[in-house]
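So this one's target.cif, mmCIF, C-alpha atoms:
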```cif
data_work
loop_
_atom_site.label_atom_id
_atom_site.label_comp_id
_atom_site.auth_asym_id
_atom_site.auth_seq_id
_atom_site.Cartn_x
_atom_site.Cartn_y
_atom_site.Cartn_z
CA MET A 4 19.11 14.98 28.67
CA GLN A 5 18.16 18.50 27.60
CA GLY A 6 20.91 18.84 24.99
CA HIS A 7 23.79 21.31 24.89
CA ASP A 8 23.68 25.02 24.03
CA ASP A 9 26.41 26.82 22.11
CA ASP A 10 25.95 30.48 21.15
CA GLY A 11 22.15 30.27 21.11
CA ILE A 12 21.94 26.93 19.27
CA ARG A 13 21.10 23.67 21.01
CA PHE A 14 22.78 20.41 20.01
CA ALA A 15 21.85 16.86 20.93
CA HIS A 16 25.35 15.72 21.93
CA ALA A 17 28.08 17.39 23.93
CA ASP A 18 30.62 16.54 21.22
CA SER A 19 28.32 17.20 18.25
CA TRP A 20 30.17 18.31 15.11
CA ALA A 21 27.88 17.43 12.20
CA GLY A 22 26.83 20.12 9.78
CA THR A 23 26.18 20.81 6.12
CA GLY A 24 29.40 22.69 5.47
CA ARG A 25 27.44 25.62 4.02
CA LEU A 26 24.95 28.21 5.23
CA GLN A 27 22.80 28.39 2.09
CA LEU A 28 19.71 26.19 2.15
CA VAL A 29 18.46 24.28 -0.90
CA SER A 30 14.99 25.57 -1.70
CA ARG A 31 12.19 23.67 -3.36
CA ASP A 32 12.50 25.91 -6.40
CA ALA A 33 16.16 25.00 -6.83
CA ARG A 34 15.40 21.32 -6.50
CA GLU A 35 12.62 21.54 -9.05
CA GLU A 36 15.04 23.20 -11.44
CA HIS A 37 17.46 20.35 -10.87
CA GLU A 38 14.71 17.84 -11.72
CA ALA A 39 14.25 19.46 -15.10
CA ASP A 40 17.80 18.51 -16.07
CA ALA A 41 18.41 15.39 -13.99
CA LEU A 42 15.29 13.27 -14.54
CA ALA A 43 14.49 11.13 -17.57
CA PRO A 44 12.57 12.86 -20.40
CA HIS A 45 9.21 11.28 -19.53
CA ALA A 46 9.65 11.36 -15.74
CA THR A 47 7.04 13.34 -13.83
CA ARG A 48 8.31 16.75 -12.72
CA SER A 49 7.36 18.39 -9.45
CA PHE A 50 5.97 21.90 -9.68
CA GLY A 51 4.91 24.31 -6.98
CA ALA A 52 2.21 23.00 -4.69
CA GLY A 53 1.19 20.37 -7.23
CA ASN A 54 -2.04 19.74 -9.09
CA ARG A 55 -4.55 19.28 -6.24
CA ALA A 56 -8.33 19.41 -6.02
CA VAL A 57 -8.00 22.22 -3.47
CA ALA A 58 -5.26 24.74 -4.23
CA GLU A 59 -2.50 25.13 -1.64
CA GLU A 60 0.54 27.27 -1.09
CA PRO A 61 3.77 25.47 -2.00
CA ASP A 62 6.09 24.27 0.74
CA PRO A 63 9.39 26.19 0.85
CA PHE A 64 11.53 23.05 0.96
CA ARG A 65 9.49 19.96 0.03
CA THR A 66 8.28 19.17 -3.46
CA CYS A 67 4.60 18.47 -3.95
CA PHE A 68 5.18 14.72 -4.16
CA GLU A 69 7.32 14.71 -1.04
CA ARG A 70 4.42 16.37 0.77
CA ASP A 71 2.10 13.64 -0.55
CA ARG A 72 4.44 10.94 0.72
CA ASP A 73 4.62 12.58 4.14
CA ARG A 74 0.84 12.97 4.37
CA ILE A 75 0.32 9.30 3.57
CA LEU A 76 2.89 8.25 6.18
CA HIS A 77 0.96 10.15 8.86
CA ALA A 78 -2.51 9.07 7.70
CA SER A 79 -4.61 6.81 9.93
CA SER A 80 -5.50 4.63 6.93
CA PHE A 81 -1.77 3.96 6.44
CA ARG A 82 -1.17 3.19 10.13
CA ARG A 83 -4.08 0.75 10.20
CA LEU A 84 -2.38 -1.35 7.53
CA ALA A 85 -0.22 -2.68 10.38
CA GLY A 86 -3.28 -4.51 11.70
CA LYS A 87 -4.56 -5.86 8.38
CA THR A 88 -3.96 -9.22 6.76
CA GLN A 89 -1.47 -9.71 3.97
CA VAL A 90 -1.74 -13.51 3.70
CA PHE A 91 -1.97 -14.75 7.28
CA VAL A 92 -4.78 -13.45 9.45
CA PHE A 93 -3.35 -11.78 12.53
CA PRO A 94 0.21 -12.65 11.53
CA GLU A 95 2.95 -13.85 13.81
CA ASP A 96 5.93 -11.60 14.55
CA HIS A 97 7.92 -12.46 11.44
CA GLN A 98 5.06 -12.57 8.90
CA ARG A 99 4.08 -9.67 6.69
CA THR A 100 1.19 -7.33 7.32
CA ARG A 101 -0.42 -5.07 4.77
CA LEU A 102 1.84 -2.29 6.12
CA THR A 103 5.12 -4.14 5.68
CA HIS A 104 3.93 -5.11 2.21
CA ALA A 105 3.52 -1.41 1.33
CA LEU A 106 7.02 -0.69 2.62
CA GLU A 107 8.51 -3.51 0.54
CA VAL A 108 6.65 -2.34 -2.55
CA ALA A 109 8.12 1.11 -1.99
CA GLN A 110 11.63 -0.33 -1.73
CA VAL A 111 11.29 -2.26 -4.99
CA ALA A 112 9.63 0.61 -6.82
CA VAL A 113 12.14 3.23 -5.71
CA SER A 114 15.04 0.93 -6.67
CA VAL A 115 13.68 0.77 -10.21
CA SER A 116 12.69 4.44 -10.42
CA ARG A 117 16.05 5.66 -9.20
CA ALA A 118 17.89 3.60 -11.80
CA LEU A 119 15.59 4.86 -14.58
CA GLY A 120 15.82 8.52 -13.62
CA LEU A 121 12.17 8.79 -12.58
CA ASN A 122 10.66 10.85 -9.77
CA THR A 123 11.39 8.78 -6.67
CA ALA A 124 9.22 10.90 -4.35
CA LEU A 125 6.14 10.33 -6.53
CA THR A 126 7.01 6.65 -6.83
CA GLU A 127 7.29 6.28 -3.06
CA ALA A 128 4.07 8.17 -2.40
CA ILE A 129 2.11 5.91 -4.77
CA ALA A 130 3.70 2.77 -3.33
CA LEU A 131 3.04 3.69 0.29
CA GLY A 132 -0.55 4.65 -0.45
CA HIS A 133 -1.45 1.94 -2.93
CA ASP A 134 -3.22 -0.38 -0.45
CA CYS A 135 -4.75 2.17 1.93
CA GLY A 136 -8.18 1.23 0.58
CA HIS A 137 -7.79 -2.44 1.50
CA GLY A 138 -10.25 -3.85 4.00
CA ARG A 139 -9.36 -6.34 6.69
CA GLY A 140 -8.84 -9.97 5.79
CA GLY A 141 -7.05 -9.43 2.48
CA HIS A 142 -8.85 -9.53 -0.84
CA ALA A 143 -11.84 -11.29 0.74
CA SER A 144 -12.87 -7.84 1.97
CA GLU A 145 -13.51 -6.78 -1.62
CA ASP A 146 -15.91 -9.68 -2.10
CA ALA A 147 -17.54 -8.85 1.23
CA LEU A 148 -18.10 -5.15 0.55
CA SER A 149 -18.79 -5.20 -3.20
CA PRO A 150 -22.59 -5.70 -2.87
CA TYR A 151 -22.82 -2.37 -1.04
CA VAL A 152 -20.86 -0.25 -3.55
CA ASP A 153 -21.97 0.74 -7.04
CA GLY A 154 -19.61 -1.00 -9.45
CA GLY A 155 -18.15 -3.12 -6.63
CA TYR A 156 -15.55 -2.44 -3.97
CA ASP A 157 -12.13 -2.06 -5.57
CA HIS A 158 -9.44 -1.35 -2.97
CA ALA A 159 -7.41 0.70 -5.45
CA VAL A 160 -10.28 3.03 -6.34
CA TRP A 161 -11.56 3.15 -2.77
CA GLY A 162 -8.11 4.08 -1.50
CA ALA A 163 -7.75 7.04 -3.86
CA ASP A 164 -11.33 8.26 -3.77
CA VAL A 165 -12.35 7.58 -0.15
CA ALA A 166 -9.64 6.45 2.29
CA LEU A 167 -7.11 9.11 1.26
CA ALA A 168 -9.50 11.77 -0.06
CA SER A 169 -9.06 14.08 2.94
CA LEU A 170 -5.31 14.41 2.27
CA ASN A 171 -5.81 16.50 -0.88
CA LEU A 172 -3.08 14.59 -2.71
CA CYS A 173 -1.80 15.48 -6.16
CA LYS A 174 -3.71 14.05 -9.08
CA GLU A 175 -0.62 12.09 -10.22
CA THR A 176 -0.35 10.37 -6.83
CA LEU A 177 -4.05 9.55 -6.76
CA ASP A 178 -3.92 8.24 -10.33
CA GLY A 179 -1.07 5.88 -9.45
CA ILE A 180 -2.94 4.57 -6.40
CA ARG A 181 -6.24 4.24 -8.26
CA ASN A 182 -4.69 2.36 -11.17
CA HIS A 183 -1.95 0.24 -9.61
CA SER A 184 -3.91 -2.99 -10.09
CA TRP A 185 -3.35 -4.73 -13.42
CA SER A 186 -7.11 -5.01 -13.92
CA ARG A 187 -7.36 -1.21 -13.97
CA PRO A 188 -6.42 1.21 -16.80
CA ALA A 189 -2.72 1.97 -17.11
CA PRO A 190 -1.42 4.68 -14.78
CA ALA A 191 -0.86 8.09 -16.32
CA THR A 192 2.76 8.33 -15.17
CA PRO A 193 5.81 6.06 -15.56
CA GLU A 194 6.16 6.18 -11.77
CA GLY A 195 2.69 4.69 -11.40
CA GLU A 196 3.56 1.99 -13.92
CA VAL A 197 6.65 1.08 -11.90
CA VAL A 198 4.53 0.66 -8.77
CA SER A 199 2.14 -1.65 -10.65
CA TRP A 200 5.06 -4.00 -11.30
CA ALA A 201 6.65 -3.51 -7.89
CA ASP A 202 3.43 -4.49 -6.13
CA ARG A 203 3.33 -7.82 -7.93
CA ILE A 204 7.06 -8.45 -7.52
CA ALA A 205 6.96 -7.73 -3.79
CA TYR A 206 3.93 -9.79 -2.84
CA VAL A 207 4.93 -12.80 -4.94
CA CYS A 208 8.36 -12.91 -3.31
CA HIS A 209 7.46 -12.10 0.28
CA ASP A 210 4.27 -14.17 0.42
CA PHE A 211 6.30 -17.15 -0.75
CA GLU A 212 8.96 -16.49 1.89
CA ASP A 213 6.31 -16.32 4.62
CA ALA A 214 4.73 -19.54 3.38
CA VAL A 215 8.10 -21.32 3.43
CA SER A 216 8.80 -20.10 6.96
CA THR A 217 5.48 -21.51 8.19
CA GLY A 218 5.96 -24.85 6.40
CA LEU A 219 3.10 -24.39 3.93
CA VAL A 220 5.40 -24.86 0.94
CA VAL A 221 8.95 -26.02 0.31
CA ALA A 222 11.32 -23.72 -1.56
CA ASN A 223 12.68 -26.32 -3.98
CA THR A 224 9.18 -27.18 -5.21
CA LEU A 225 8.99 -23.94 -7.20
CA PRO A 226 8.58 -24.50 -10.96
CA ASP A 227 11.80 -25.13 -12.85
CA LEU A 228 11.44 -21.88 -14.78
CA VAL A 229 11.25 -19.88 -11.56
CA ARG A 230 14.20 -21.60 -9.91
CA ALA A 231 16.34 -21.29 -13.03
CA THR A 232 15.48 -17.64 -13.63
CA CYS A 233 15.45 -16.13 -10.15
CA GLY A 234 16.40 -18.77 -7.59
CA ILE A 235 14.63 -19.73 -4.38
CA THR A 236 15.56 -16.90 -1.98
CA ARG A 237 13.87 -13.54 -1.67
CA GLY A 238 17.14 -11.70 -2.31
CA SER A 239 17.90 -13.46 -5.57
CA GLN A 240 14.29 -13.23 -6.70
CA LEU A 241 13.98 -9.49 -6.09
CA LYS A 242 17.33 -8.85 -7.77
CA SER A 243 16.25 -10.81 -10.85
CA PHE A 244 12.91 -9.05 -11.23
CA ILE A 245 14.26 -5.55 -10.55
CA THR A 246 17.15 -6.08 -12.97
CA ALA A 247 14.75 -7.37 -15.62
CA MET A 248 12.69 -4.19 -15.34
CA ILE A 249 15.77 -2.01 -15.68
CA ASP A 250 16.96 -4.06 -18.67
CA ALA A 251 13.56 -3.75 -20.33
CA ALA A 252 13.62 0.04 -19.97
CA ARG A 253 17.17 0.17 -21.33
CA GLU A 254 16.14 -1.83 -24.40
CA SER A 255 12.75 -0.30 -25.11
CA GLY A 256 12.51 2.99 -23.24
CA ARG A 257 9.26 1.75 -21.68
CA ILE A 258 8.24 0.38 -18.28
CA GLY A 259 7.99 -3.39 -18.34
CA MET A 260 10.02 -6.55 -17.80
CA THR A 261 12.02 -8.72 -20.15
CA SER A 262 9.70 -11.45 -21.39
CA ASN A 263 11.54 -14.53 -20.12
CA THR A 264 11.71 -13.12 -16.58
CA ALA A 265 8.10 -11.95 -16.80
CA ASP A 266 7.18 -15.55 -17.65
CA ALA A 267 8.97 -16.66 -14.49
CA LEU A 268 7.11 -14.05 -12.44
CA ALA A 269 3.80 -15.28 -13.86
CA ALA A 270 4.68 -18.89 -13.08
CA PHE A 271 5.75 -17.85 -9.57
CA ARG A 272 2.45 -16.04 -9.00
CA LYS A 273 0.47 -19.06 -10.22
CA PHE A 274 2.41 -21.30 -7.85
CA ASN A 275 1.45 -19.01 -4.96
CA TYR A 276 -2.20 -19.01 -5.97
CA ASP A 277 -2.32 -22.77 -6.26
CA ASN A 278 -0.42 -23.53 -3.07
CA ILE A 279 -0.97 -20.55 -0.75
CA TYR A 280 -3.85 -18.24 -1.59
CA MET A 281 -6.36 -20.85 -2.80
CA ARG A 282 -5.60 -23.66 -0.37
CA GLU A 283 -8.61 -24.99 1.54
CA ALA A 284 -7.74 -23.16 4.75
CA SER A 285 -7.46 -19.84 2.88
CA ARG A 286 -10.84 -20.30 1.19
CA SER A 287 -12.45 -21.17 4.52
CA GLN A 288 -10.85 -18.15 6.14
CA ALA A 289 -12.07 -15.90 3.32
CA GLY A 290 -15.61 -17.13 3.83
CA ALA A 291 -15.41 -16.28 7.53
CA VAL A 292 -14.12 -12.80 6.70
CA ILE A 293 -16.94 -12.17 4.23
CA ASP A 294 -19.62 -13.26 6.70
CA LEU A 295 -18.25 -11.05 9.47
CA LEU A 296 -17.78 -7.91 7.38
CA ARG A 297 -21.22 -8.13 5.83
CA ALA A 298 -22.79 -8.60 9.25
CA LEU A 299 -20.97 -5.51 10.49
CA VAL A 300 -22.04 -3.40 7.51
CA GLU A 301 -25.67 -4.42 8.00
CA HIS A 302 -25.45 -3.53 11.68
CA TYR A 303 -23.94 -0.09 11.17
CA HIS A 304 -26.31 0.65 8.29
CA ALA A 305 -29.20 0.12 10.68
CA ASN A 306 -27.44 1.58 13.77
CA PRO A 307 -25.27 4.50 12.60
CA ASP A 308 -24.96 5.89 16.15
CA ASP A 309 -22.46 3.10 16.81
CA MET A 310 -20.11 4.88 14.37
CA ALA A 311 -20.37 8.31 16.00
CA ASP A 312 -16.68 8.57 16.88
CA ALA A 313 -15.68 7.94 13.27
CA PHE A 314 -17.86 10.67 11.74
CA PRO A 315 -17.69 13.79 13.94
CA GLY A 316 -19.15 15.81 11.08
CA GLY A 317 -22.47 14.02 11.47
CA LEU A 318 -24.13 10.69 10.81
CA ALA A 319 -26.57 9.91 8.03
CA PRO A 320 -30.08 8.63 8.84
CA ALA A 321 -30.36 4.91 9.56
CA ARG A 322 -30.77 2.68 6.49
CA SER A 323 -30.18 5.56 4.07
CA ASP A 324 -27.79 5.33 1.13
CA ALA A 325 -25.50 7.78 2.89
CA ALA A 326 -25.52 5.63 6.03
CA LEU A 327 -24.58 2.63 3.92
CA HIS A 328 -21.60 4.52 2.47
CA GLN A 329 -20.50 5.48 5.98
CA ALA A 330 -20.89 1.87 7.14
CA VAL A 331 -18.74 0.56 4.29
CA THR A 332 -16.15 3.27 4.94
CA TYR A 333 -16.05 2.38 8.63
CA VAL A 334 -15.91 -1.38 8.18
CA GLY A 335 -13.44 -1.14 5.30
CA GLY A 336 -11.03 0.76 7.51
CA MET A 337 -11.11 -1.69 10.41
CA THR A 338 -8.11 -3.73 11.44
CA ASP A 339 -8.46 -7.50 11.82
CA ARG A 340 -8.55 -7.36 15.61
CA PHE A 341 -11.02 -4.47 15.83
CA ALA A 342 -13.46 -6.04 13.37
CA CYS A 343 -13.52 -9.27 15.34
CA ARG A 344 -13.99 -7.47 18.64
CA GLN A 345 -16.84 -5.43 17.17
CA GLY A 346 -18.45 -8.62 16.00
CA LEU A 347 -18.27 -10.10 19.48
CA SER A 348 -19.41 -6.98 21.34
CA LEU A 349 -22.06 -5.61 18.97
CA LEU A 350 -23.39 -8.68 17.21
CA ASN A 351 -22.95 -11.32 19.89
CA TYR A 352 -21.02 -13.13 17.18
CA ASP A 353 -20.18 -16.78 17.74
CA PRO A 354 -16.39 -16.90 18.33
CA ALA A 355 -16.25 -20.18 16.43
CA ARG A 356 -17.30 -18.29 13.28
CA LEU A 357 -14.42 -15.81 13.45
CA PRO A 358 -11.51 -16.20 11.02
CA ARG A 359 -8.95 -18.56 12.49
CA GLY A 360 -5.75 -17.07 13.84
CA ILE A 361 -7.34 -13.95 15.29
CA ASP A 362 -6.40 -13.23 18.88
CA VAL A 363 -9.46 -11.61 20.42
#
```

Would you encode the structure as structure tokens?
Amino acid sequence: MQGHDDDGIRFAHADSWAGTGRLQLVSRDAREEHEADALAPHATRSFGAGNRAVAEEPDPFRTCFERDRDRILHASSFRRLAGKTQVFVFPEDHQRTRLTHALEVAQVAVSVSRALGLNTALTEAIALGHDCGHGRGGHASEDALSPYVDGGYDHAVWGADVALASLNLCKETLDGIRNHSWSRPAPATPEGEVVSWADRIAYVCHDFEDAVSTGLVVANTLPDLVRATCGITRGSQLKSFITAMIDAARESGRIGMTSNTADALAAFRKFNYDNIYMREASRSQAGAVIDLLRALVEHYHANPDDMADAFPGGLAPARSDAALHQAVTYVGGMTDRFACRQGLSLLNYDPARLPRGIDV
């Protein structure tokens, strides 16, 4: 199992034959030159090491946005998305997590960007990183943590400015992450705008599919406009929305969606809110999440030594503003399971008060 040597080169298989057919490598510089001609006029071009807060040497083969994508893939805040709620707390095997949501957003966004001649590496980096600032328990975490953050806890801003800050990402990547939510200012790049749409397309379609699979809703109860425009299966729905974005760009030269299909997407999203996100069980679960996260923040604010492993550079004094920021950072990064276990072990939390569906 050590591989096979041939004239000083080791190959994985005894009968390996694969190669590039040429000896000349394709440098980053050459690929950047190709972007200048191949991408759409307003697409974001890669250049050198990229526009970063801390200057770096460029990579010989990867573009700056490819490096951003790779850094996000290896980041702990990205890995922890696997243990965070999308819709269902502590999901079953076939239900989405916040991580699989990010992957599906990336698939939708890259499909659109590739067709429009945009920078797919930047698109993918923004999509993969867009939810790295999300706390556990879905959007309830924002309500839980907002009282402790000036201006409120916005997962998009927190992701760019806190959760991913150590990665020294390009300003275009950070802008797309910070502004992917529709309530935020428009992203500064067309790639960021694509991700804003892809996020909504992906979660509307896959949250509905998960809800159907668990029996919460029935597929043929979707509004007539939705069924007539994009059907009742994830495949047909994604195809309709992606195609409508490409058609809109072809007609207008801008990032958007044809109006009739956008109306269907809006009706689809409202159906999900009415029947999935805002159902009684979801509201009760959100309340349990808020209570637990706030209790944890208060504990760590008063007992920062319990966060020592997370801040090797040093802990702020108990009950200081800096300690509060560290507590929010720590709690905001927790997975569903870890937060519940911390509640039980540190706070002697009543198990009956934990969000339902958590296996502790």

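Residue nearest Ile279 (chain A), chosen from A:Asp210, A:Glu145, A:Glu127, A:Asp8 and counting only C-alpha atoms: A:Asp210.
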
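Residue neighbourhood of Ala166 (chain A), excluding near-sequence residues (fewer than 5 positions): A:Ser80, A:Cys135, A:Gly136, A:Trp161, at 7 Å, using all atoms listed in the file.
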
Closest-contact table, region 96-121 of chain A side, partner region 138-142 of chain A, 12 Å, counting only C-alpha atoms, as a tab-separated table:
```
residue	atom	partner	partner_atom	distance
A:Arg99	CA	A:Gly141	CA	11.9
A:Thr100	CA	A:Gly141	CA	9.8
A:Arg101	CA	A:Gly141	CA	8.3
A:Leu102	CA	A:Arg139	CA	11.9
A:His104	CA	A:Gly141	CA	11.8
```

Residue IDs satisfying the PyMOL selection byres ((chain A and resi 237) around 7), as a PDB file with C-alpha atoms, in the frame of the given file:
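Output file out_23.pdb follows:
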```pdb
ATOM      1  CA  CYS A 208       8.360 -12.910  -3.310  1.00  0.00           C
ATOM      2  CA  HIS A 209       7.460 -12.100   0.280  1.00  0.00           C
ATOM      3  CA  GLU A 212       8.960 -16.490   1.890  1.00  0.00           C
ATOM      4  CA  ILE A 235      14.630 -19.730  -4.380  1.00  0.00           C
ATOM      5  CA  THR A 236      15.560 -16.900  -1.980  1.00  0.00           C
ATOM      6  CA  GLY A 238      17.140 -11.700  -2.310  1.00  0.00           C
ATOM      7  CA  SER A 239      17.900 -13.460  -5.570  1.00  0.00           C
ATOM      8  CA  GLN A 240      14.290 -13.230  -6.700  1.00  0.00           C
ATOM      9  CA  LEU A 241      13.980  -9.490  -6.090  1.00  0.00           C
TER      10      LEU A 241
END
```

Output the residue selection produced by the PyMOL selection byres ((chain A and resi 345) around 12) on the file above, formatted as a PDB file with C-alpha atoms, in the frame of the given file.
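Just written: expr12.pdb:
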```
ATOM      1  CA  LEU A 295     -18.250 -11.050   9.470  1.00  0.00           C
ATOM      2  CA  LEU A 296     -17.780  -7.910   7.380  1.00  0.00           C
ATOM      3  CA  ALA A 298     -22.790  -8.600   9.250  1.00  0.00           C
ATOM      4  CA  LEU A 299     -20.970  -5.510  10.490  1.00  0.00           C
ATOM      5  CA  VAL A 300     -22.040  -3.400   7.510  1.00  0.00           C
ATOM      6  CA  HIS A 302     -25.450  -3.530  11.680  1.00  0.00           C
ATOM      7  CA  TYR A 303     -23.940  -0.090  11.170  1.00  0.00           C
ATOM      8  CA  ASP A 309     -22.460   3.100  16.810  1.00  0.00           C
ATOM      9  CA  MET A 310     -20.110   4.880  14.370  1.00  0.00           C
ATOM     10  CA  TYR A 333     -16.050   2.380   8.630  1.00  0.00           C
ATOM     11  CA  VAL A 334     -15.910  -1.380   8.180  1.00  0.00           C
ATOM     12  CA  MET A 337     -11.110  -1.690  10.410  1.00  0.00           C
ATOM     13  CA  THR A 338      -8.110  -3.730  11.440  1.00  0.00           C
ATOM     14  CA  ASP A 339      -8.460  -7.500  11.820  1.00  0.00           C
ATOM     15  CA  ARG A 340      -8.550  -7.360  15.610  1.00  0.00           C
ATOM     16  CA  PHE A 341     -11.020  -4.470  15.830  1.00  0.00           C
ATOM     17  CA  ALA A 342     -13.460  -6.040  13.370  1.00  0.00           C
ATOM     18  CA  CYS A 343     -13.520  -9.270  15.340  1.00  0.00           C
ATOM     19  CA  ARG A 344     -13.990  -7.470  18.640  1.00  0.00           C
ATOM     20  CA  GLY A 346     -18.450  -8.620  16.000  1.00  0.00           C
ATOM     21  CA  LEU A 347     -18.270 -10.100  19.480  1.00  0.00           C
ATOM     22  CA  SER A 348     -19.410  -6.980  21.340  1.00  0.00           C
ATOM     23  CA  LEU A 349     -22.060  -5.610  18.970  1.00  0.00           C
ATOM     24  CA  LEU A 350     -23.390  -8.680  17.210  1.00  0.00           C
ATOM     25  CA  ASN A 351     -22.950 -11.320  19.890  1.00  0.00           C
ATOM     26  CA  TYR A 352     -21.020 -13.130  17.180  1.00  0.00           C
ATOM     27  CA  ASP A 353     -20.180 -16.780  17.740  1.00  0.00           C
ATOM     28  CA  PRO A 354     -16.390 -16.900  18.330  1.00  0.00           C
ATOM     29  CA  LEU A 357     -14.420 -15.810  13.450  1.00  0.00           C
ATOM     30  CA  VAL A 363      -9.460 -11.610  20.420  1.00  0.00           C
TER      31      VAL A 363
END
```

Residue by residue, what does the PyMOL selection byres ((chain A and resi 38) around 10) grab here? Present the result as a PDB file with C-alpha atoms, keeping the file's coordinate frame.
```
ATOM      1  CA  ASP A  32      12.500  25.910  -6.400  1.00  0.00           C
ATOM      2  CA  ALA A  33      16.160  25.000  -6.830  1.00  0.00           C
ATOM      3  CA  ARG A  34      15.400  21.320  -6.500  1.00  0.00           C
ATOM      4  CA  GLU A  35      12.620  21.540  -9.050  1.00  0.00           C
ATOM      5  CA  GLU A  36      15.040  23.200 -11.440  1.00  0.00           C
ATOM      6  CA  HIS A  37      17.460  20.350 -10.870  1.00  0.00           C
ATOM      7  CA  ALA A  39      14.250  19.460 -15.100  1.00  0.00           C
ATOM      8  CA  ASP A  40      17.800  18.510 -16.070  1.00  0.00           C
ATOM      9  CA  ALA A  41      18.410  15.390 -13.990  1.00  0.00           C
ATOM     10  CA  LEU A  42      15.290  13.270 -14.540  1.00  0.00           C
ATOM     11  CA  ALA A  43      14.490  11.130 -17.570  1.00  0.00           C
ATOM     12  CA  ALA A  46       9.650  11.360 -15.740  1.00  0.00           C
ATOM     13  CA  THR A  47       7.040  13.340 -13.830  1.00  0.00           C
ATOM     14  CA  ARG A  48       8.310  16.750 -12.720  1.00  0.00           C
ATOM     15  CA  SER A  49       7.360  18.390  -9.450  1.00  0.00           C
ATOM     16  CA  PHE A  50       5.970  21.900  -9.680  1.00  0.00           C
ATOM     17  CA  GLY A 120      15.820   8.520 -13.620  1.00  0.00           C
ATOM     18  CA  LEU A 121      12.170   8.790 -12.580  1.00  0.00           C
ATOM     19  CA  ASN A 122      10.660  10.850  -9.770  1.00  0.00           C
TER      20      ASN A 122
END
```

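For the pair CA of Arg72 (chain A) and CA of Trp200 (chain A), the interatomic distance is 19.2 Å.
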
Contact residues around Glu301 (chain A) with all atoms listed in the file at 10 Å, ignoring same-chain residues under 6 positions, as an mmCIF file with C-alpha atoms, in the frame of the given file:
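result.cif, written as the output of this step:
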```
data_model
loop_
_atom_site.group_PDB
_atom_site.id
_atom_site.type_symbol
_atom_site.label_atom_id
_atom_site.label_comp_id
_atom_site.auth_asym_id
_atom_site.auth_seq_id
_atom_site.Cartn_x
_atom_site.Cartn_y
_atom_site.Cartn_z
ATOM 1 C CA TYR A 151 -22.820 -2.370 -1.040
ATOM 2 C CA ARG A 322 -30.770 2.680 6.490
ATOM 3 C CA LEU A 327 -24.580 2.630 3.920
ATOM 4 C CA ALA A 330 -20.890 1.870 7.140
ATOM 5 C CA VAL A 331 -18.740 0.560 4.290
#
```

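Across A:Pro63, A:Gly259, A:Pro150, A:Gly51, the tightest approach to Val29 (chain A) is made by A:Pro63 when counting all atoms listed in the file.
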
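The nearest approach to Gln329 (chain A) among the residues A:Val90, A:Ala247, A:Ala265, A:Ala313, with all atoms listed in the file taken into account, belongs to A:Ala313.
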
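Proximity to Val111 (chain A) was assessed for A:Ile245, A:Cys233, A:Ala21, A:Leu131 counting all atoms listed in the file; the smallest distance is recorded for A:Ile245.
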
Q.
Residues near Ala15 (chain A), anyone? I mean within 9 Å using only C-alpha atoms, not counting same-chain ones fewer than 3 positions away, as a ChimeraX atom specification.
A. /A:4-8,18-19

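When CA of Glu107 (chain A) is paired with CA of Ala251 (chain A), their separation reads 21.5 Å.
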
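Taking CA of Val198 (chain A) as the reference point, CA of Leu125 (chain A) is found at 10.1 Å.
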
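Considering the residues A:Phe64, A:Phe81, A:Tyr206, A:Phe314 and counting all atoms listed in the file, Leu28 (chain A) has its shortest atom-to-atom contact with A:Phe64.
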
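Each of A:Val160, A:Asn182, A:Gly336, A:Phe274 was compared to Ser79 (chain A) using all atoms listed in the file, and A:Gly336 turns out to be the nearest.
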
For Gly195 (chain A), please output as a tab-separated table (two decimals) with C-alpha atoms, in the coordinates of the input all residues within 7 Å (counting all atoms listed in the file; exclusion window: fewer than 2 positions along the same chain).
```tsv
chain	number	residue	atom	x	y	z
A	126	THR	CA	7.01	6.65	-6.83
A	129	ILE	CA	2.11	5.91	-4.77
A	179	GLY	CA	-1.07	5.88	-9.45
A	183	HIS	CA	-1.95	0.24	-9.61
A	190	PRO	CA	-1.42	4.68	-14.78
A	191	ALA	CA	-0.86	8.09	-16.32
A	192	THR	CA	2.76	8.33	-15.17
A	193	PRO	CA	5.81	6.06	-15.56
A	197	VAL	CA	6.65	1.08	-11.90
A	198	VAL	CA	4.53	0.66	-8.77
A	199	SER	CA	2.14	-1.65	-10.65
```

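Within the 7 Å cut-off around Asp134 (chain A), using all atoms listed in the file and omitting residues fewer than 3 positions from it on the same chain, the listed residues are His137, His158, Ala159 and Gly162 of chain A.
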
Region 30-112 of chain A near region 216-228 of chain A within 10 Å: what's each residue's closest atom pair and its distance in Å to one decimal, counting all atoms listed in the file, ordered by chain then ascending residue number, as a tab-separated table?
```
residue	atom	partner	partner_atom	distance
A:Glu95	CA	A:Thr217	CA	9.8
A:His97	CA	A:Ser216	CA	8.9
A:Gln98	CA	A:Ser216	CA	8.6
```

May I have the selected residues written with C-alpha atoms, as a CSV table (one decimal), keeping the file's coordinate frame?
```csv
chain,number,residue,atom,x,y,z
A,95,GLU,CA,3.0,-13.8,13.8
A,97,HIS,CA,7.9,-12.5,11.4
A,98,GLN,CA,5.1,-12.6,8.9
```
